[in-house]
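Structure data (TSV, C-alpha atoms) from structure.tsv:
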```
chain	number	residue	atom	x	y	z
A	24	MET	CA	23.21	3.50	48.39
A	25	MET	CA	20.26	5.84	47.73
A	26	ILE	CA	22.35	8.22	45.57
A	27	SER	CA	23.65	5.31	43.48
A	28	MET	CA	20.11	4.06	42.89
A	29	LYS	CA	18.93	7.51	41.74
A	30	LYS	CA	21.87	7.77	39.33
A	31	ASN	CA	21.04	4.34	37.88
A	32	MET	CA	17.37	5.34	37.42
A	33	SER	CA	18.37	8.58	35.70
A	34	PHE	CA	20.77	6.71	33.43
A	35	THR	CA	18.09	4.13	32.61
A	36	ARG	CA	15.53	6.83	31.75
A	37	ALA	CA	18.05	8.66	29.58
A	38	PHE	CA	18.99	5.44	27.81
A	39	VAL	CA	15.34	4.50	27.14
A	40	LEU	CA	14.60	8.00	25.83
A	41	MET	CA	17.66	7.94	23.56
A	42	PHE	CA	16.80	4.46	22.25
A	43	ALA	CA	13.19	5.46	21.53
A	44	THR	CA	14.38	8.56	19.68
A	45	LEU	CA	16.78	6.51	17.55
A	46	LEU	CA	14.01	4.06	16.68
A	47	MET	CA	11.75	6.88	15.53
A	48	LEU	CA	14.51	8.37	13.39
A	49	ALA	CA	15.32	5.00	11.83
A	50	ALA	CA	11.70	4.19	10.99
A	51	PRO	CA	10.89	4.69	7.32
A	52	ALA	CA	8.64	7.61	6.52
A	53	SER	CA	5.16	6.78	5.41
A	54	ALA	CA	4.98	6.56	1.65
A	55	ILE	CA	2.18	8.29	-0.20
A	56	ILE	CA	0.22	6.91	-3.13
A	57	TYR	CA	-1.30	9.69	-5.26
A	58	VAL	CA	-4.58	9.49	-7.18
A	59	ASP	CA	-5.78	12.13	-9.64
A	60	LYS	CA	-8.40	11.31	-12.27
A	61	ASP	CA	-6.99	14.12	-14.42
A	62	ALA	CA	-3.31	13.10	-14.21
A	63	THR	CA	-1.58	13.08	-17.57
A	64	GLY	CA	1.92	11.95	-16.56
A	65	GLY	CA	1.48	8.57	-18.20
A	66	GLY	CA	3.40	6.76	-15.47
A	67	ASP	CA	0.31	5.76	-13.51
A	68	ASP	CA	2.48	4.41	-10.68
A	69	GLY	CA	1.15	6.72	-7.97
A	70	ASN	CA	4.56	7.87	-6.75
A	71	ALA	CA	3.87	11.58	-7.39
A	72	TRP	CA	1.04	13.83	-8.52
A	73	GLY	CA	2.45	13.85	-12.06
A	74	SER	CA	2.35	10.07	-12.26
A	75	ALA	CA	-0.72	9.60	-10.09
A	76	TYR	CA	-3.13	6.74	-10.53
A	77	THR	CA	-6.16	7.90	-12.48
A	78	ASN	CA	-8.33	5.08	-11.16
A	79	LEU	CA	-8.99	5.13	-7.41
A	80	ALA	CA	-10.01	1.45	-7.26
A	81	SER	CA	-6.69	0.43	-8.86
A	82	ALA	CA	-4.73	2.55	-6.40
A	83	LEU	CA	-6.57	1.09	-3.41
A	84	ASN	CA	-6.04	-2.44	-4.71
A	85	GLU	CA	-2.30	-1.85	-5.09
A	86	ASN	CA	-1.84	0.12	-1.88
A	87	THR	CA	-2.02	-1.87	1.34
A	88	THR	CA	0.08	0.09	3.83
A	89	GLU	CA	0.77	3.65	2.72
A	90	GLU	CA	-1.33	6.80	2.83
A	91	THR	CA	-3.48	7.48	-0.21
A	92	TRP	CA	-3.95	11.10	-1.28
A	93	VAL	CA	-6.84	11.68	-3.68
A	94	ALA	CA	-7.25	14.82	-5.78
A	95	ASP	CA	-10.67	16.41	-5.81
A	96	GLY	CA	-13.19	15.00	-8.23
A	97	THR	CA	-15.68	12.19	-8.61
A	98	TYR	CA	-14.39	8.63	-8.68
A	99	ASP	CA	-16.51	5.61	-9.54
A	100	PRO	CA	-15.33	2.09	-8.72
A	101	ASP	CA	-14.75	0.01	-11.83
A	102	GLU	CA	-17.10	1.94	-14.12
A	103	ASP	CA	-20.17	1.07	-12.02
A	104	ALA	CA	-21.28	3.85	-9.67
A	105	SER	CA	-23.33	1.38	-7.60
A	106	ASP	CA	-20.18	-0.51	-6.56
A	107	THR	CA	-18.13	0.49	-3.53
A	108	PHE	CA	-14.45	1.08	-2.84
A	109	GLN	CA	-12.59	-1.33	-0.57
A	110	ILE	CA	-10.41	0.63	1.83
A	111	ASP	CA	-8.19	-1.53	4.01
A	112	ASN	CA	-6.32	-0.47	7.12
A	113	HIS	CA	-4.51	2.59	5.83
A	114	PRO	CA	-5.49	6.26	5.74
A	115	VAL	CA	-7.09	7.83	2.68
A	116	TYR	CA	-7.19	11.63	2.42
A	117	GLY	CA	-9.11	13.54	-0.24
A	118	GLY	CA	-9.87	16.93	-1.68
A	119	PHE	CA	-6.35	17.79	-2.84
A	120	ASN	CA	-5.80	20.08	-5.81
A	121	GLY	CA	-2.98	17.86	-7.09
A	122	THR	CA	0.06	19.95	-6.20
A	123	GLU	CA	0.39	19.51	-2.43
A	124	THR	CA	3.52	18.23	-0.78
A	125	LEU	CA	2.16	18.35	2.78
A	126	ARG	CA	-1.12	16.98	4.06
A	127	THR	CA	-1.65	20.10	6.18
```
Any chance you could put this one into structure tokens?
Amino acid sequence: MMISMKKNMSFTRAFVLMFATLLMLAAPASAIIYVDKDATGGGDDGNAWGSAYTNLASALNENTTEETWVADGTYDPDEDASDTFQIDNHPVYGGFNGTETLRT
């Protein structure tokens, strides 16, 4: 009886571990919204450095769940430097040179 119980516990642990691994693999990767005040790609959709948003406030307004990567520079909200940026519950990283593919 004791051996059977140990086998069932081992099987259960293995199953839970396998299921958790499959869930992590199936989860979509975090998308990145790019912002670069000097971007010249013309797309201004934020899907890559070449088509990065040039206005940080616009990018933050459009982006509600993904990471936001901001190239180095000075960004003023809506033409008025006394205003503030509204950052919701998603990470914003800055200081990029505008060519990175990894945050690290």
Name all residues at most 12 Å from A:Asp61 (count all atoms listed in the file; drop same-chain ones fewer than 2 positions away) and give them as a PDB file with C-alpha atoms, keeping the file's coordinate frame.
```pdb
ATOM      1  CA  TYR A  57      -1.300   9.690  -5.260  1.00  0.00           C
ATOM      2  CA  VAL A  58      -4.580   9.490  -7.180  1.00  0.00           C
ATOM      3  CA  ASP A  59      -5.780  12.130  -9.640  1.00  0.00           C
ATOM      4  CA  THR A  63      -1.580  13.080 -17.570  1.00  0.00           C
ATOM      5  CA  GLY A  64       1.920  11.950 -16.560  1.00  0.00           C
ATOM      6  CA  GLY A  65       1.480   8.570 -18.200  1.00  0.00           C
ATOM      7  CA  ASP A  67       0.310   5.760 -13.510  1.00  0.00           C
ATOM      8  CA  TRP A  72       1.040  13.830  -8.520  1.00  0.00           C
ATOM      9  CA  GLY A  73       2.450  13.850 -12.060  1.00  0.00           C
ATOM     10  CA  SER A  74       2.350  10.070 -12.260  1.00  0.00           C
ATOM     11  CA  ALA A  75      -0.720   9.600 -10.090  1.00  0.00           C
ATOM     12  CA  TYR A  76      -3.130   6.740 -10.530  1.00  0.00           C
ATOM     13  CA  THR A  77      -6.160   7.900 -12.480  1.00  0.00           C
ATOM     14  CA  ASN A  78      -8.330   5.080 -11.160  1.00  0.00           C
ATOM     15  CA  LEU A  79      -8.990   5.130  -7.410  1.00  0.00           C
ATOM     16  CA  VAL A  93      -6.840  11.680  -3.680  1.00  0.00           C
ATOM     17  CA  ALA A  94      -7.250  14.820  -5.780  1.00  0.00           C
ATOM     18  CA  ASP A  95     -10.670  16.410  -5.810  1.00  0.00           C
ATOM     19  CA  GLY A  96     -13.190  15.000  -8.230  1.00  0.00           C
ATOM     20  CA  THR A  97     -15.680  12.190  -8.610  1.00  0.00           C
ATOM     21  CA  TYR A  98     -14.390   8.630  -8.680  1.00  0.00           C
ATOM     22  CA  ASN A 120      -5.800  20.080  -5.810  1.00  0.00           C
ATOM     23  CA  GLY A 121      -2.980  17.860  -7.090  1.00  0.00           C
TER      24      GLY A 121
END
```
(request) Determine, counting all atoms listed in the file, every residue of protein, DNA or RNA that lies within 10 Å of (-12.4, 2.8, -0.2) in the file coordinates, then give the result as a ChimeraX atom specification. (result) /A:79-80,82-84,100,107-111,113-115
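Atom CA of A:Gly118 sits 17.8 Å away from atom CA of A:Asn70.
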(message) If I take atom CA of A:Trp92 and atom CA of A:Asp68, how far is one from the other in Å, to one decimal?
(response) 13.2 Å
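One distance worth recording is that between atom CA of A:Asn112 and atom CA of A:Ala71, which is 21.4 Å.
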